[in-house]
Amino acid sequence: MLDSTVPALILRLDDNIFHHGTLGAIRSLGRAGVEVHGLIEGSHAPVSRSKYLSRMYTWSPGKAVVETLTEVAARIGRRAVLVAMDDAGAIAVAEHAAELRPHFLLPEQQPGLPRTLADKARLAALCASLGVAHPETRIVTCGDDIKAAVADLGLPLVAKWAQPWLLPRHAGLRNTSLIHEPGQALDLLGHDCDSDLLLQRFVPGGAASDWFFHGYYDQDSTCLFSGTGRKERAYPPGAGLTTYGRALPNPAIEDVANTMAAALGYRGVLDIDFRHDAAEDVYYLVDFNPRLGAQFRLFGDIRGLDLVRAMHLHLSGKRPAASRSVHGRTFLVENYDIYPAFRAGRERTCAGWLRAIRDADELAWLSRDDFWPFVTMARQSIKRGFTRLARGRK
């Protein structure tokens with residue numbers, strides 16, 4: 001049982017009203033009786049309509065992260081478990097932990113570690129030093145760099161922004177994209193960004209190649225709760241977020257994650273992505289998120305424990321017994337899965353996709369006990385769709 005006297009603050013710096021992981025965290029803790037506060041975009045965000053959100057706060061223009069969080073803590077009135085939902089938040093919390101700890105319950109994370117892990121250029125170097133398989137990666141700054149990367153690594157290539165939290169808002173840039181010709185990489189370099197651009201060797205894969213590991217680690221880097229899953233569908237296809245996932249055992253990636261966490265002295269929650277190269281029979285680590293993953297609700301044990309509940313239990317002084325997720329569970333993100341689901345094969349029909357929604361163990365938005373976030377999400381999705389159509393006609 002979670003301690004209902006200990007509140008939680010869900011923190012997200014990224015302006016993304018369709019971030020379903022935020023809703024998952026609010027619902028998970030709220031259903032367990034925790035008083036949940038949210039520091040998010042505003043009342044236009046679908047998560048603001050959740051009945052499990054006790055109070056919402058928004059960012060004040062010009063105020064620093066620590067100043068804002070300190071003010072929110074004063075309004076909550078008690079030390080709260082602070083849950084970062086994006087890389088920028090995880091980095092800020094770790095680097096300002098000394099200032100925030102009097103007001104919040106935090107993992108004893110090394111201050112600079114989340115920034116190192118979230119930075120995809122630093123991650124590549126770190127994996128090399130630890131002997132963890134990682135696709136060869138190059139920083140590119142000009143056309144000659146791109147030509148050299150294409151000559152050495154071939155096409156297609158995976159383009160990644162090394163520090164995606166630095167991308168300008170509303171620029172329409174994806175964190176990761178597939179590059180089929182050098183001109184596409186040149187176009188990306190043409191944007192005025194503070195982040196480095198990386199080109200990474202494309203690891204060939206099929207329908208069962210993309211995997212992920214989620215875990216929560218205590219002060220000794222011991223894993224208290226974990227789950228491994230396979231990405232069945234993604235948006236955008238091949239280089240995007242999980243839209244339909246399945247919890248399945250994978251000791252190989254679990255071992256890599258636990259070994260890496262121990263070597264780094266990692267504490268707190270993490271989400272690591274892998275791609276399996278069947279020809280080499282190697283799992284390549286392709287992304288390391290030092291925070292709660294958006295699809296974390298895929299993982300749950302027979303007691304109802306998940307990543308954010310394990311975090312709350314541990315930080316509030318009630319250490320959970322080490323546990324793994326139940327295998328076979330499925331998770332579907334309604335507003336994103338519709339695109340890859342219908343592209344997955346000609347046999348896909350509307351009725352078939354609706355059956356997939358009906359049969360999923362966990363949906364990102366639709367819930368009988370908390371219906372309004374789904375309704376608001378649907379309205380916002382339709383509005384965004386019509387706005388894009390109108391722009392395309394001009």
# chains A, B, ... in the order shown; residues from 1 in each chain; ligands from 1

$ select_by_dssp --residues "region 25-253 of chain A" --states "alpha helix (DSSP H)" --output "number ranges by chain"
A: 25-31, 65-76, 87-95, 97-100, 113-118, 120-130, 143-153, 182-189, 251-253

$ write_last_selection --atoms "C-alpha atoms" --output "mmCIF file, in the first residue's frame"
data_model
loop_
_atom_site.group_PDB
_atom_site.id
_atom_site.type_symbol
_atom_site.label_atom_id
_atom_site.label_comp_id
_atom_site.auth_asym_id
_atom_site.auth_seq_id
_atom_site.Cartn_x
_atom_site.Cartn_y
_atom_site.Cartn_z
ATOM 1 C CA ALA A 25 1.537 8.574 -13.866
ATOM 2 C CA ILE A 26 -1.356 10.709 -12.606
ATOM 3 C CA ARG A 27 -3.809 7.819 -12.850
ATOM 4 C CA SER A 28 -1.499 5.210 -11.347
ATOM 5 C CA LEU A 29 -0.718 7.220 -8.232
ATOM 6 C CA GLY A 30 -4.202 8.708 -7.943
ATOM 7 C CA ARG A 31 -5.868 5.308 -8.067
ATOM 8 C CA VAL A 65 12.977 25.745 -12.803
ATOM 9 C CA VAL A 66 14.143 25.735 -9.176
ATOM 10 C CA GLU A 67 12.234 28.918 -8.366
ATOM 11 C CA THR A 68 9.029 27.551 -9.861
ATOM 12 C CA LEU A 69 9.374 24.163 -8.167
ATOM 13 C CA THR A 70 10.062 25.819 -4.808
ATOM 14 C CA GLU A 71 6.914 27.919 -5.147
ATOM 15 C CA VAL A 72 4.847 24.860 -6.069
ATOM 16 C CA ALA A 73 6.280 22.950 -3.098
ATOM 17 C CA ALA A 74 5.170 25.754 -0.765
ATOM 18 C CA ARG A 75 1.641 25.490 -2.145
ATOM 19 C CA ILE A 76 1.593 21.704 -1.734
ATOM 20 C CA ASP A 87 14.724 14.467 -20.215
ATOM 21 C CA ALA A 88 14.873 18.198 -19.512
ATOM 22 C CA GLY A 89 13.031 17.693 -16.231
ATOM 23 C CA ALA A 90 15.209 14.752 -15.188
ATOM 24 C CA ILE A 91 18.352 16.750 -15.946
ATOM 25 C CA ALA A 92 17.130 19.817 -14.028
ATOM 26 C CA VAL A 93 16.063 17.789 -10.994
ATOM 27 C CA ALA A 94 19.383 15.916 -10.792
ATOM 28 C CA GLU A 95 21.536 19.016 -11.258
ATOM 29 C CA ALA A 97 18.876 18.163 -6.245
ATOM 30 C CA ALA A 98 20.651 19.884 -3.340
ATOM 31 C CA GLU A 99 18.299 22.875 -3.628
ATOM 32 C CA LEU A 100 15.179 20.750 -4.241
ATOM 33 C CA LEU A 113 24.511 11.485 -14.935
ATOM 34 C CA PRO A 114 21.082 12.163 -16.502
ATOM 35 C CA ARG A 115 22.561 14.812 -18.822
ATOM 36 C CA THR A 116 25.284 12.399 -19.942
ATOM 37 C CA LEU A 117 22.798 9.594 -20.628
ATOM 38 C CA ALA A 118 20.201 11.773 -22.360
ATOM 39 C CA LYS A 120 23.042 10.852 -27.518
ATOM 40 C CA ALA A 121 26.619 11.785 -28.441
ATOM 41 C CA ARG A 122 27.849 11.268 -24.880
ATOM 42 C CA LEU A 123 25.825 8.054 -24.671
ATOM 43 C CA ALA A 124 27.652 6.603 -27.680
ATOM 44 C CA ALA A 125 31.021 7.299 -26.041
ATOM 45 C CA LEU A 126 29.823 5.918 -22.713
ATOM 46 C CA CYS A 127 28.614 2.665 -24.294
ATOM 47 C CA ALA A 128 31.998 2.255 -25.997
ATOM 48 C CA SER A 129 33.802 2.677 -22.661
ATOM 49 C CA LEU A 130 31.536 0.109 -20.963
ATOM 50 C CA GLY A 143 28.179 18.588 -46.032
ATOM 51 C CA ASP A 144 31.607 16.943 -46.010
ATOM 52 C CA ASP A 145 30.819 15.277 -42.678
ATOM 53 C CA ILE A 146 27.593 13.926 -44.153
ATOM 54 C CA LYS A 147 29.382 12.573 -47.246
ATOM 55 C CA ALA A 148 31.945 10.833 -45.049
ATOM 56 C CA ALA A 149 29.228 9.293 -42.854
ATOM 57 C CA VAL A 150 27.347 8.013 -45.890
ATOM 58 C CA ALA A 151 30.544 6.562 -47.377
ATOM 59 C CA ASP A 152 31.503 4.809 -44.147
ATOM 60 C CA LEU A 153 28.117 3.783 -42.738
ATOM 61 C CA PRO A 182 22.315 13.016 -48.051
ATOM 62 C CA GLY A 183 20.090 15.966 -48.888
ATOM 63 C CA GLN A 184 17.747 15.105 -46.030
ATOM 64 C CA ALA A 185 20.610 15.430 -43.545
ATOM 65 C CA LEU A 186 21.666 18.727 -45.133
ATOM 66 C CA ASP A 187 18.127 20.030 -44.660
ATOM 67 C CA LEU A 188 18.315 19.195 -40.960
ATOM 68 C CA LEU A 189 21.625 21.045 -40.638
ATOM 69 C CA PRO A 251 16.991 -11.814 -20.195
ATOM 70 C CA ALA A 252 19.618 -10.475 -22.638
ATOM 71 C CA ILE A 253 18.549 -6.824 -22.456
#

$ select_by_dssp --residues "region 62-200 of chain A" --states "strand (DSSP E)" --output "JSON, numbers by chain"
{"A": [80, 81, 82, 83, 84, 104, 105, 137, 138, 139, 140, 157, 158, 159, 160, 161, 176, 177, 178, 179, 197, 198, 199, 200]}

$ closest_residue --among "A:Thr141, A:Gly240, A:Gly21, A:Arg79" --to "His191 (chain A)" --atoms "only C-alpha atoms"
A:Thr141

$ closest_residue --among "A:Leu13, A:Met377, A:Val308, A:Leu167" --to "Val34 (chain A)" --atoms "only C-alpha atoms"
A:Val308

$ closest_residue --among "A:Leu292, A:Cys193, A:Leu389, A:Ala80" --to "Pro164 (chain A)" --atoms "only C-alpha atoms"
A:Cys193

$ closest_atom_pairs --of "region 53-172 of chain A" --to "region 265-282 of chain A" --cutoff "10 Å" --atoms "only C-alpha atoms" --output "tab-separated table"
residue	atom	partner	partner_atom	distance
A:Val83	CA	A:Val269	CA	9.3
A:Ala84	CA	A:Val269	CA	9.6
A:Ala90	CA	A:Val269	CA	10.0
A:Leu106	CA	A:Gly268	CA	8.3
A:Pro107	CA	A:Gly268	CA	5.4
A:Glu108	CA	A:Arg267	CA	6.3
A:Gln109	CA	A:Arg267	CA	5.2
A:Gln110	CA	A:Tyr266	CA	7.6
A:Leu113	CA	A:Tyr266	CA	8.0
A:Pro114	CA	A:Tyr266	CA	9.2
A:Ala133	CA	A:Val282	CA	7.6
A:His134	CA	A:Phe274	CA	9.0
A:Pro135	CA	A:Arg275	CA	9.6

$ closest_atom_pairs --of "region 267-298 of chain A" --to "region 315-334 of chain A" --cutoff "8 Å" --atoms "only C-alpha atoms" --output "JSON lines"
{"residue": "A:Gln295", "atom": "CA", "partner": "A:Phe331", "partner_atom": "CA", "distance": 7.3}
{"residue": "A:Arg297", "atom": "CA", "partner": "A:Phe331", "partner_atom": "CA", "distance": 7.4}
{"residue": "A:Leu298", "atom": "CA", "partner": "A:Phe331", "partner_atom": "CA", "distance": 5.3}

$ write_last_selection --atoms "all heavy atoms" --output "mmCIF file, in the first residue's frame"
data_model
loop_
_atom_site.group_PDB
_atom_site.id
_atom_site.type_symbol
_atom_site.label_atom_id
_atom_site.label_comp_id
_atom_site.auth_asym_id
_atom_site.auth_seq_id
_atom_site.Cartn_x
_atom_site.Cartn_y
_atom_site.Cartn_z
ATOM 1 N N GLN A 295 5.388 4.618 -21.960
ATOM 2 C CA GLN A 295 4.607 3.382 -21.998
ATOM 3 C C GLN A 295 4.784 2.546 -20.736
ATOM 4 O O GLN A 295 4.532 1.344 -20.730
ATOM 5 C CB GLN A 295 4.965 2.554 -23.240
ATOM 6 C CG GLN A 295 6.312 1.846 -23.198
ATOM 7 C CD GLN A 295 7.443 2.704 -23.706
ATOM 8 O OE1 GLN A 295 7.414 3.918 -23.603
ATOM 9 N NE2 GLN A 295 8.457 2.068 -24.282
ATOM 10 N N ARG A 297 3.085 2.017 -18.210
ATOM 11 C CA ARG A 297 1.922 1.293 -17.705
ATOM 12 C C ARG A 297 1.756 -0.074 -18.372
ATOM 13 O O ARG A 297 0.910 -0.864 -17.971
ATOM 14 C CB ARG A 297 0.659 2.123 -17.894
ATOM 15 C CG ARG A 297 0.484 3.228 -16.855
ATOM 16 C CD ARG A 297 0.217 2.685 -15.461
ATOM 17 N NE ARG A 297 -1.022 1.920 -15.405
ATOM 18 C CZ ARG A 297 -1.338 1.063 -14.450
ATOM 19 N NH1 ARG A 297 -0.481 0.826 -13.465
ATOM 20 N NH2 ARG A 297 -2.482 0.424 -14.464
ATOM 21 N N LEU A 298 2.564 -0.381 -19.362
ATOM 22 C CA LEU A 298 2.590 -1.738 -19.906
ATOM 23 C C LEU A 298 3.015 -2.728 -18.826
ATOM 24 O O LEU A 298 2.590 -3.884 -18.822
ATOM 25 C CB LEU A 298 3.570 -1.802 -21.086
ATOM 26 C CG LEU A 298 3.911 -3.184 -21.644
ATOM 27 C CD1 LEU A 298 2.668 -3.848 -22.231
ATOM 28 C CD2 LEU A 298 4.994 -3.084 -22.709
#

$ atom_distance --atom1 "CA of Arg233 (chain A)" --atom2 "CA of Asp306 (chain A)"
22.2 Å

$ atom_distance --atom1 "CA of Leu305 (chain A)" --atom2 "CA of Gly227 (chain A)"
11.3 Å

$ residues_around --residues "Cys223 (chain A)" --least-positions-apart "4" --cutoff "8 Å" --atoms "only C-alpha atoms" --output "number ranges by chain"
A: 215-218, 258, 322

$ write_last_selection --atoms "C-alpha atoms" --output "compact mmCIF listing (two decimals), in the first residue's frame"
# COMPACT_ATOMS: atom_id res chain seq x y z
CA GLY A 215 13.46 -0.33 -14.25
CA TYR A 216 13.60 1.42 -10.90
CA TYR A 217 16.86 1.34 -8.90
CA ASP A 218 17.50 2.09 -5.23
CA ASN A 258 21.28 -4.09 -14.80
CA ALA A 322 11.95 -6.75 -5.84

$ residues_around --residues "Ala207 (chain A)" --least-positions-apart "4" --cutoff "10 Å" --atoms "only C-alpha atoms" --output "tab-separated table (two decimals) with C-alpha atoms, in the first residue's frame"
chain	number	residue	atom	x	y	z
A	230	ARG	CA	8.71	-5.48	-27.49
A	231	LYS	CA	7.65	-2.57	-29.67
A	232	GLU	CA	5.08	-4.09	-32.03
A	233	ARG	CA	4.21	-0.81	-33.73
A	238	GLY	CA	10.85	2.53	-37.63
A	344	ALA	CA	1.06	-2.67	-41.11

$ closest_residue --among "A:Trp161, A:Gln200, A:Thr387, A:Leu82" --to "Phe104 (chain A)" --atoms "only C-alpha atoms"
A:Leu82

$ atom_distance --atom1 "CA of Asp3 (chain A)" --atom2 "CA of Met85 (chain A)"
21.4 Å

$ closest_residue --among "A:Gly62, A:Gly131, A:Gly229, A:Pro168" --to "Arg246 (chain A)" --atoms "only C-alpha atoms"
A:Gly229

$ closest_residue --among "A:Phe225, A:Tyr52, A:Phe213, A:Phe202" --to "Asn250 (chain A)" --atoms "only C-alpha atoms"
A:Phe213
